[in-house]
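entry.csv follows (CSV, C-alpha atoms and all ligand atoms):
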```
chain,number,residue,atom,x,y,z
D,1,MET,CA,134.2,94.4,92.2
D,2,THR,CA,135.4,91.0,91.0
D,3,GLY,CA,136.8,88.9,93.8
D,4,SER,CA,135.0,90.7,96.6
D,5,ASN,CA,133.0,88.7,99.1
D,6,VAL,CA,129.4,89.5,98.5
D,7,LEU,CA,128.6,90.5,102.0
D,8,SER,CA,131.6,92.9,102.2
D,9,MET,CA,130.2,94.7,99.1
D,10,PHE,CA,127.3,95.9,101.3
D,11,SER,CA,129.6,97.4,103.9
D,12,LEU,CA,129.5,101.2,104.2
D,13,LYS,CA,132.5,101.5,106.6
D,14,GLY,CA,134.4,104.6,105.9
D,15,ARG,CA,131.6,106.2,103.9
D,16,THR,CA,129.8,109.4,104.7
D,17,ALA,CA,126.0,109.5,104.0
D,18,VAL,CA,123.9,112.7,104.0
D,19,VAL,CA,120.2,112.0,104.6
D,20,THR,CA,117.6,114.8,104.3
D,21,GLY,CA,114.5,114.7,106.4
D,22,ALA,CA,116.3,112.5,108.8
D,23,SER,CA,114.5,113.4,112.0
D,24,THR,CA,111.5,111.1,111.6
D,25,GLY,CA,109.7,108.7,109.3
D,26,LEU,CA,111.5,107.1,106.3
D,27,GLY,CA,114.5,109.4,106.6
D,28,GLN,CA,115.1,108.1,110.2
D,29,GLY,CA,114.6,104.5,109.1
D,30,MET,CA,117.1,104.8,106.2
D,31,SER,CA,119.6,106.7,108.4
D,32,LEU,CA,119.5,103.9,111.0
D,33,GLY,CA,120.0,101.3,108.2
D,34,LEU,CA,123.0,103.2,106.7
D,35,SER,CA,124.6,103.5,110.1
D,36,GLU,CA,124.1,99.8,110.8
D,37,ALA,CA,126.0,99.1,107.6
D,38,GLY,CA,128.9,101.3,108.8
D,39,ALA,CA,128.4,104.7,107.4
D,40,ASP,CA,128.9,108.0,109.2
D,41,LEU,CA,125.7,110.0,109.0
D,42,VAL,CA,124.9,113.7,108.4
D,43,LEU,CA,121.3,114.1,109.5
D,44,VAL,CA,119.7,117.1,107.7
D,45,ASP,CA,116.3,118.4,108.7
D,46,CYS,CA,114.5,121.7,109.4
D,47,VAL,CA,114.1,120.4,113.0
D,48,PRO,CA,117.0,118.8,114.9
D,49,SER,CA,117.3,115.0,114.3
D,50,SER,CA,118.1,114.4,117.9
D,51,ASP,CA,116.2,111.1,118.3
D,52,THR,CA,117.8,109.7,115.2
D,53,ALA,CA,121.3,110.9,116.3
D,54,GLU,CA,120.9,109.4,119.7
D,55,ARG,CA,119.8,106.0,118.3
D,56,ILE,CA,122.8,106.0,115.9
D,57,ARG,CA,125.2,106.8,118.7
D,58,GLN,CA,123.7,104.2,121.0
D,59,GLY,CA,124.3,101.7,118.3
D,60,GLY,CA,128.0,102.7,118.2
D,61,GLY,CA,127.7,104.9,115.0
D,62,ASN,CA,128.7,108.5,114.2
D,63,ALA,CA,126.1,111.2,113.5
D,64,GLU,CA,126.2,114.9,112.9
D,65,ILE,CA,123.0,117.0,113.1
D,66,VAL,CA,122.5,119.8,110.5
D,67,VAL,CA,119.4,122.0,110.9
D,68,ALA,CA,118.4,123.5,107.5
D,69,ASP,CA,115.3,124.6,105.8
D,70,LEU,CA,115.6,122.9,102.4
D,71,MET,CA,112.8,125.0,101.0
D,72,GLN,CA,115.4,127.8,100.8
D,73,MET,CA,118.0,127.4,98.0
D,74,GLU,CA,120.6,129.2,100.1
D,75,SER,CA,120.6,126.2,102.6
D,76,ILE,CA,122.2,123.9,100.0
D,77,PRO,CA,125.8,125.2,100.2
D,78,SER,CA,125.7,125.3,104.0
D,79,VAL,CA,124.5,121.6,104.1
D,80,ILE,CA,127.3,120.5,101.8
D,81,ASN,CA,129.9,122.5,103.8
D,82,ALA,CA,128.6,121.2,107.1
D,83,ALA,CA,128.9,117.6,105.9
D,84,ILE,CA,132.4,118.0,104.5
D,85,SER,CA,133.6,119.8,107.6
D,86,ALA,CA,132.1,117.0,109.8
D,87,PHE,CA,133.5,113.9,107.9
D,88,GLY,CA,135.7,115.3,105.1
D,89,ARG,CA,133.6,114.0,102.2
D,90,ILE,CA,130.2,113.0,100.9
D,91,ASP,CA,129.9,109.5,99.4
D,92,ILE,CA,126.2,109.0,99.7
D,93,LEU,CA,123.3,111.4,99.4
D,94,VAL,CA,119.8,110.3,100.3
D,95,ASN,CA,117.4,113.0,99.1
D,96,ASN,CA,114.4,112.1,101.3
D,97,ALA,CA,112.9,115.3,102.7
D,98,GLY,CA,109.5,115.8,101.2
D,99,ILE,CA,106.0,117.3,101.9
D,100,ILE,CA,102.5,116.6,100.6
D,101,ARG,CA,99.4,118.9,100.4
D,102,ARG,CA,95.9,117.6,99.9
D,103,ALA,CA,93.0,119.4,98.2
D,104,ASP,CA,90.7,118.8,95.3
D,105,ALA,CA,92.5,119.7,92.0
D,106,ILE,CA,89.8,122.2,91.2
D,107,ASP,CA,90.5,124.2,94.4
D,108,PHE,CA,94.3,123.6,94.5
D,109,SER,CA,96.3,126.7,95.4
D,110,GLU,CA,99.4,128.1,93.8
D,111,LYS,CA,101.1,128.1,97.2
D,112,ASP,CA,100.5,124.3,97.6
D,113,TRP,CA,101.8,123.8,94.1
D,114,ASP,CA,105.0,125.8,94.5
D,115,GLU,CA,106.0,124.6,98.0
D,116,VAL,CA,105.7,121.0,97.1
D,117,MET,CA,107.5,121.4,93.8
D,118,GLN,CA,110.2,123.4,95.5
D,119,LEU,CA,111.1,120.9,98.2
D,120,ASN,CA,110.3,117.6,96.5
D,121,SER,CA,111.9,118.2,93.1
D,122,LYS,CA,113.8,121.5,92.8
D,123,THR,CA,115.8,121.0,96.0
D,124,VAL,CA,116.4,117.3,95.1
D,125,PHE,CA,118.0,118.3,91.8
D,126,PHE,CA,120.2,121.2,93.2
D,127,LEU,CA,121.3,119.2,96.3
D,128,ALA,CA,122.3,116.3,94.0
D,129,GLN,CA,124.2,118.8,91.8
D,130,ALA,CA,126.1,120.2,94.9
D,131,ALA,CA,126.9,116.8,96.3
D,132,ALA,CA,128.0,115.5,92.9
D,133,LYS,CA,130.6,118.2,92.7
D,134,ASP,CA,132.3,116.7,95.8
D,135,MET,CA,131.7,113.1,94.7
D,136,MET,CA,133.4,113.8,91.3
D,137,LYS,CA,136.7,114.6,93.0
D,138,ARG,CA,137.0,111.0,94.1
D,139,ARG,CA,135.1,109.6,91.1
D,140,TYR,CA,132.7,107.8,93.4
D,141,GLY,CA,129.2,108.5,94.6
D,142,ARG,CA,125.7,107.1,95.4
D,143,ILE,CA,122.7,109.4,95.1
D,144,ILE,CA,119.4,108.0,96.2
D,145,ASN,CA,116.2,110.0,95.6
D,146,THR,CA,112.9,109.3,97.2
D,147,ALA,CA,110.2,108.7,94.6
D,148,SER,CA,106.7,107.4,95.3
D,149,LEU,CA,104.0,105.2,93.8
D,150,LEU,CA,102.8,108.6,92.5
D,151,SER,CA,105.9,108.6,90.3
D,152,PHE,CA,103.8,106.0,88.4
D,153,GLN,CA,100.2,106.7,89.3
D,154,GLY,CA,98.2,110.0,89.5
D,155,GLY,CA,97.0,109.8,93.1
D,156,ILE,CA,93.8,111.5,94.4
D,157,ARG,CA,93.8,115.1,95.7
D,158,VAL,CA,97.6,115.5,95.6
D,159,PRO,CA,98.3,117.0,92.2
D,160,SER,CA,101.5,118.8,93.1
D,161,TYR,CA,102.9,115.8,94.9
D,162,SER,CA,102.3,113.5,91.9
D,163,ALA,CA,103.9,116.1,89.6
D,164,SER,CA,106.9,116.4,91.9
D,165,LYS,CA,107.4,112.7,92.3
D,166,GLY,CA,107.1,112.1,88.6
D,167,ALA,CA,109.9,114.7,88.3
D,168,VAL,CA,112.0,112.8,90.8
D,169,ALA,CA,111.9,109.7,88.7
D,170,GLN,CA,112.9,111.7,85.6
D,171,ILE,CA,115.6,113.7,87.4
D,172,THR,CA,117.0,110.3,88.6
D,173,LYS,CA,117.3,109.0,85.1
D,174,ALA,CA,118.7,112.3,83.7
D,175,LEU,CA,121.5,112.5,86.3
D,176,ALA,CA,122.3,108.8,86.0
D,177,ASN,CA,123.0,109.3,82.3
D,178,GLU,CA,125.3,112.3,82.9
D,179,TRP,CA,127.2,111.2,86.0
D,180,ALA,CA,127.9,107.5,85.4
D,181,LYS,CA,131.2,108.4,83.8
D,182,TYR,CA,132.3,109.9,87.2
D,183,GLY,CA,131.6,106.7,89.1
D,184,ILE,CA,128.3,108.2,90.5
D,185,THR,CA,125.1,106.2,90.4
D,186,VAL,CA,121.8,107.9,90.8
D,187,ASN,CA,118.8,105.7,91.7
D,188,ALA,CA,115.5,106.2,93.5
D,189,ILE,CA,113.4,104.3,96.0
D,190,ALA,CA,109.7,104.4,95.5
D,191,PRO,CA,108.1,103.5,98.9
D,192,GLY,CA,104.6,102.2,98.9
D,193,TYR,CA,102.1,103.2,101.6
D,194,MET,CA,104.2,103.7,104.7
D,195,ALA,CA,103.1,104.5,108.2
D,196,THR,CA,104.6,108.0,108.8
D,197,ASN,CA,103.4,111.6,109.3
D,198,ASN,CA,103.1,111.9,105.6
D,199,THR,CA,100.2,109.4,105.5
D,200,LYS,CA,98.6,110.3,108.8
D,201,ALA,CA,95.5,111.8,107.1
D,202,LEU,CA,95.0,108.7,105.0
D,203,ARG,CA,95.3,106.3,108.0
D,204,GLU,CA,92.8,108.5,110.0
D,205,ASP,CA,90.2,108.2,107.1
D,206,PRO,CA,88.6,104.8,107.8
D,207,VAL,CA,87.4,104.4,104.2
D,208,ARG,CA,90.7,105.2,102.5
D,209,SER,CA,92.7,103.4,105.2
D,210,ARG,CA,90.7,100.2,104.7
D,211,SER,CA,90.7,100.3,100.9
D,212,ILE,CA,94.5,100.9,100.8
D,213,SER,CA,95.2,98.1,103.3
D,214,GLU,CA,93.0,95.7,101.3
D,215,ARG,CA,95.0,96.4,98.1
D,216,ILE,CA,98.5,95.7,99.6
D,217,PRO,CA,99.4,92.1,98.9
D,218,ALA,CA,101.7,92.1,101.9
D,219,GLY,CA,98.6,92.8,104.0
D,220,ARG,CA,100.1,95.7,106.0
D,221,TRP,CA,101.3,99.3,105.6
D,222,GLY,CA,105.1,99.6,105.3
D,223,MET,CA,107.3,100.8,108.1
D,224,PRO,CA,110.5,102.9,108.0
D,225,GLU,CA,112.6,99.8,108.7
D,226,ASP,CA,111.3,98.3,105.4
D,227,LEU,CA,113.5,100.6,103.5
D,228,LYS,CA,116.8,99.7,105.3
D,229,GLY,CA,117.7,96.9,102.9
D,230,ALA,CA,116.9,98.8,99.7
D,231,VAL,CA,118.8,101.9,100.8
D,232,VAL,CA,121.9,100.0,101.9
D,233,PHE,CA,122.0,98.1,98.6
D,234,LEU,CA,121.7,101.3,96.5
D,235,ALA,CA,124.3,103.1,98.8
D,236,SER,CA,126.8,100.3,98.5
D,237,ALA,CA,129.3,98.7,96.1
D,238,ALA,CA,126.8,95.9,95.7
D,239,SER,CA,124.7,98.1,93.3
D,240,GLU,CA,127.7,99.4,91.2
D,241,TYR,CA,126.0,98.4,87.9
D,242,VAL,CA,122.5,99.6,88.9
D,243,ASN,CA,121.9,103.1,87.6
D,244,GLY,CA,118.9,105.2,86.8
D,245,HIS,CA,116.6,102.7,88.5
D,246,VAL,CA,113.4,103.4,90.5
D,247,LEU,CA,113.2,100.6,93.1
D,248,VAL,CA,109.7,100.1,94.3
D,249,VAL,CA,109.4,98.9,97.9
D,250,ASP,CA,105.6,98.6,98.3
D,251,GLY,CA,104.6,95.2,99.6
D,252,GLY,CA,103.4,94.4,96.1
D,253,TRP,CA,101.0,97.3,95.6
D,254,LEU,CA,102.0,98.1,92.0
D,255,ALA,CA,101.9,94.5,91.0
D,256,ARG,CA,98.2,94.2,91.9
U,1,LIG,P1,107.5,112.6,107.2
U,1,LIG,O1,106.6,113.8,107.1
U,1,LIG,O2,107.4,111.7,108.4
U,1,LIG,O3,109.0,113.1,107.1
U,1,LIG,C1,109.5,114.2,106.3
U,1,LIG,C2,110.7,114.7,106.9
U,1,LIG,O4,111.1,115.9,106.0
U,1,LIG,C3,110.5,115.3,108.3
U,1,LIG,O5,111.6,114.9,109.1
U,1,LIG,C4,110.5,116.8,108.1
U,1,LIG,O6,110.9,117.5,109.2
U,1,LIG,C5,111.4,116.9,106.9
U,1,LIG,N1,111.2,118.2,106.2
U,1,LIG,C6,110.0,118.7,105.8
U,1,LIG,N2,110.1,119.9,105.3
U,1,LIG,C7,111.4,120.2,105.3
U,1,LIG,C8,112.2,121.3,104.9
U,1,LIG,N3,111.7,122.4,104.4
U,1,LIG,N4,113.6,121.3,105.1
U,1,LIG,C9,114.1,120.2,105.7
U,1,LIG,N5,113.4,119.1,106.1
U,1,LIG,C10,112.1,119.1,105.9
U,1,LIG,O7,107.3,111.8,105.8
U,1,LIG,P2,107.9,110.5,105.3
U,1,LIG,O8,106.8,109.6,105.0
U,1,LIG,O9,109.0,110.0,106.2
U,1,LIG,O10,108.5,111.0,103.9
U,1,LIG,C11,109.8,110.9,103.5
U,1,LIG,C12,109.9,110.9,102.0
U,1,LIG,O11,109.3,109.7,101.5
U,1,LIG,C13,109.2,112.1,101.3
U,1,LIG,O12,109.9,112.5,100.2
U,1,LIG,C14,107.8,111.5,101.0
U,1,LIG,O13,107.3,112.1,99.9
U,1,LIG,C15,108.3,110.1,100.6
U,1,LIG,N6,107.3,109.1,100.5
U,1,LIG,C16,106.5,108.7,101.6
U,1,LIG,C17,105.6,107.7,101.5
U,1,LIG,C18,104.8,107.3,102.7
U,1,LIG,O14,103.8,106.5,102.5
U,1,LIG,N7,105.0,107.7,103.9
U,1,LIG,C19,105.4,107.1,100.3
U,1,LIG,C20,106.2,107.4,99.2
U,1,LIG,C21,107.1,108.4,99.3
```
Give the structure from the file, written as structure tokens.
Ligand code: NAD
Amino acid sequence: MTGSNVLSMFSLKGRTAVVTGASTGLGQGMSLGLSEAGADLVLVDCVPSSDTAERIRQGGGNAEIVVADLMQMESIPSVINAAISAFGRIDILVNNAGIIRRADAIDFSEKDWDEVMQLNSKTVFFLAQAAAKDMMKRRYGRIINTASLLSFQGGIRVPSYSASKGAVAQITKALANEWAKYGITVNAIAPGYMATNNTKALREDPVRSRSISERIPAGRWGMPEDLKGAVVFLASAASEYVNGHVLVVDGGWLAR
């Protein structure tokens, strides 16, 4: 990277990025950011990412929609094949699709345990494995997983979510160790409390909503756009020597 202009190091022109859970929320925000930086986008979700695709195309970018239920392991090869047939390669994978289930730990069901662990951690690992096989051919790749503040803290009434996001942080480090030699970096973004469907129940609970807002030094909930800078950095040449890191984007919550 020596000799490159620093701004050109953030350009994603000619790169293909696969983003899961791209139809709404943080996946949509990150997809728009990656497109603004020049990447071609493969938008993966269990519902069509039509709004995201339209916004990317309106901005002059390229986007391909792939509908896949990532709870099913057999979706993984079809997602990889669809991405490669659309743009010829995968340079960037953003493992963002995730779910949360809320119940007291004492009553928590096996179904709510298994489904959250399946999508939030097992799929994250095997999709990264499948994408890395393509990235290794060119000895270049950027894998960005979506962790959480609950990769660090225990949370309340979300035990499978906390377990799954703890696993995301550890999967990130494990893969970073093994794949650095192939030119692939594996990092994670840990968003703070962001205003999306995932946190609707919290924002509708006046007591929890107020106590969360009061604790955020930035004085507001995060928005999907707040992840654009972090994802472009971790997806680009600018982060070449950053590996195995969990980047917290939380308005200062963890520092409090
Ligand atoms: P969201 O519910 O708005 O979006 C989740 C996306 O994943 C949706 O587009 C949904 O359709 C997709 N999805 C769900 N199940 C799927 C499946 N089986 N197959 C394919 N796609 C599926 O939530 P969000 O807040 O945007 O969450 C995105 C990621 O960020 C998740 O991993 C979440 O855990 C994480 N996160 C969110 C927050 C927050 O405060 N919102 C904080 C930390 C981490």
**Study point:** Residues within 8 Å of region 132-145 of chain D, all atoms listed in the file, excluding chain neighbours under 6 positions, as number ranges by chain
**Key:** D: 89-96, 124, 168, 172, 182-189, 231, 234-236
**Study point:** At most 6 Å from ligand LIG 1 (chain U) (only C-alpha atoms and all ligand atoms): residue list as a VMD selection string
**Key:** chain D and resid 21 to 27 45 to 47 68 to 71 96 to 99 146 to 148 190 to 199
Review point. From the set D:Gly251, D:Ala238, D:Arg208, D:Asp51, which residue has the shortest atom-to-atom contact distance to Trp221 (chain D), counting all atoms listed in the file?
Key: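 Counting all atoms listed in the file, the residue closest to Trp221 (chain D) is D:Gly251.
When all atoms listed in the file are used to measure the gap to Ala37 (chain D), the shortest distance among D:Trp113, D:Phe87, D:Phe10, D:Tyr161 belongs to D:Phe10.
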Review point. So what do you get for CA of Ser164 (chain D) versus CA of Met117 (chain D), distance-wise?
Key: 5.4 Å
Practice item. In the coordinates of the file, take the point (124.4, 112.3, 109.9) and a cut-off of 6 Å; then, counting all atoms listed in the file, name each qualifying protein, DNA or RNA residue as an MDAnalysis selection string. Key: chainID D and resid 18 41:43 63:65
Practice item. Mind giving me the straight-line distance from CA of Ala169 (chain D) to CA of Ser151 (chain D) in Å, one decimal? Key: 6.3 Å
Practice item. Have a look at D:Glu178, D:Asp104, D:Asp112, D:Asp250 and name the one nearest to Ile216 (chain D); count all atoms listed in the file. Key: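 Looking at the shortest contact to Ile216 (chain D), the residue is D:Asp250.
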Review point. Can you tell me, as a list in words, what residues are no more than 12 Å from Ser11 (chain D) when counting only C-alpha atoms, ignoring any on the same chain fewer than 6 positions away?
Key: Ser4, Asn5, Gly33, Leu34, Ser35, Glu36, Ala37, Gly38, Ala39, Asp40, Gly229, Val232, Phe233, Leu234, Ala235, Ser236, Ala237, Ala238 and Ser239 of chain D
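Remark: for Ser162 (chain D), the closest of the candidate residues D:Arg102, D:His245, D:Lys228, D:Lys122 is D:Arg102 (distances computed over all atoms listed in the file).
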Could N, CA, C and O atoms be built for region 29-40 of chain D and written out as a PDB file, keeping the file's coordinate frame?
```
ATOM      1  N   GLY D  29     114.404 105.917 109.356  1.00  0.00           N
ATOM      2  CA  GLY D  29     114.600 104.500 109.100  1.00  0.00           C
ATOM      3  C   GLY D  29     115.823 104.241 108.217  1.00  0.00           C
ATOM      4  O   GLY D  29     116.646 103.355 108.478  1.00  0.00           O
ATOM      5  N   MET D  30     115.932 105.038 107.153  1.00  0.00           N
ATOM      6  CA  MET D  30     117.100 104.800 106.200  1.00  0.00           C
ATOM      7  C   MET D  30     118.387 105.238 106.895  1.00  0.00           C
ATOM      8  O   MET D  30     119.402 104.571 106.681  1.00  0.00           O
ATOM      9  N   SER D  31     118.372 106.301 107.710  1.00  0.00           N
ATOM     10  CA  SER D  31     119.600 106.700 108.400  1.00  0.00           C
ATOM     11  C   SER D  31     120.087 105.589 109.326  1.00  0.00           C
ATOM     12  O   SER D  31     121.287 105.280 109.382  1.00  0.00           O
ATOM     13  N   LEU D  32     119.166 104.973 110.052  1.00  0.00           N
ATOM     14  CA  LEU D  32     119.500 103.900 111.000  1.00  0.00           C
ATOM     15  C   LEU D  32     120.124 102.712 110.180  1.00  0.00           C
ATOM     16  O   LEU D  32     121.128 102.111 110.584  1.00  0.00           O
ATOM     17  N   GLY D  33     119.529 102.401 109.043  1.00  0.00           N
ATOM     18  CA  GLY D  33     120.000 101.300 108.200  1.00  0.00           C
ATOM     19  C   GLY D  33     121.436 101.584 107.696  1.00  0.00           C
ATOM     20  O   GLY D  33     122.324 100.716 107.730  1.00  0.00           O
ATOM     21  N   LEU D  34     121.659 102.806 107.210  1.00  0.00           N
ATOM     22  CA  LEU D  34     123.000 103.200 106.700  1.00  0.00           C
ATOM     23  C   LEU D  34     124.032 103.124 107.784  1.00  0.00           C
ATOM     24  O   LEU D  34     125.169 102.678 107.561  1.00  0.00           O
ATOM     25  N   SER D  35     123.641 103.566 108.984  1.00  0.00           N
ATOM     26  CA  SER D  35     124.600 103.500 110.100  1.00  0.00           C
ATOM     27  C   SER D  35     124.892 102.072 110.494  1.00  0.00           C
ATOM     28  O   SER D  35     126.052 101.720 110.734  1.00  0.00           O
ATOM     29  N   GLU D  36     123.879 101.225 110.510  1.00  0.00           N
ATOM     30  CA  GLU D  36     124.100  99.800 110.800  1.00  0.00           C
ATOM     31  C   GLU D  36     125.085  99.165 109.843  1.00  0.00           C
ATOM     32  O   GLU D  36     125.828  98.251 110.186  1.00  0.00           O
ATOM     33  N   ALA D  37     125.075  99.665 108.608  1.00  0.00           N
ATOM     34  CA  ALA D  37     126.000  99.100 107.600  1.00  0.00           C
ATOM     35  C   ALA D  37     127.374  99.765 107.679  1.00  0.00           C
ATOM     36  O   ALA D  37     128.259  99.411 106.902  1.00  0.00           O
ATOM     37  N   GLY D  38     127.559 100.728 108.599  1.00  0.00           N
ATOM     38  CA  GLY D  38     128.900 101.300 108.800  1.00  0.00           C
ATOM     39  C   GLY D  38     129.126 102.699 108.446  1.00  0.00           C
ATOM     40  O   GLY D  38     130.211 103.244 108.684  1.00  0.00           O
ATOM     41  N   ALA D  39     128.144 103.367 107.828  1.00  0.00           N
ATOM     42  CA  ALA D  39     128.400 104.700 107.400  1.00  0.00           C
ATOM     43  C   ALA D  39     128.332 105.744 108.512  1.00  0.00           C
ATOM     44  O   ALA D  39     127.659 105.524 109.527  1.00  0.00           O
ATOM     45  N   ASP D  40     129.064 106.860 108.336  1.00  0.00           N
ATOM     46  CA  ASP D  40     128.900 108.000 109.200  1.00  0.00           C
ATOM     47  C   ASP D  40     127.785 108.864 108.632  1.00  0.00           C
ATOM     48  O   ASP D  40     127.716 109.055 107.411  1.00  0.00           O
TER      49      ASP D  40
END
```
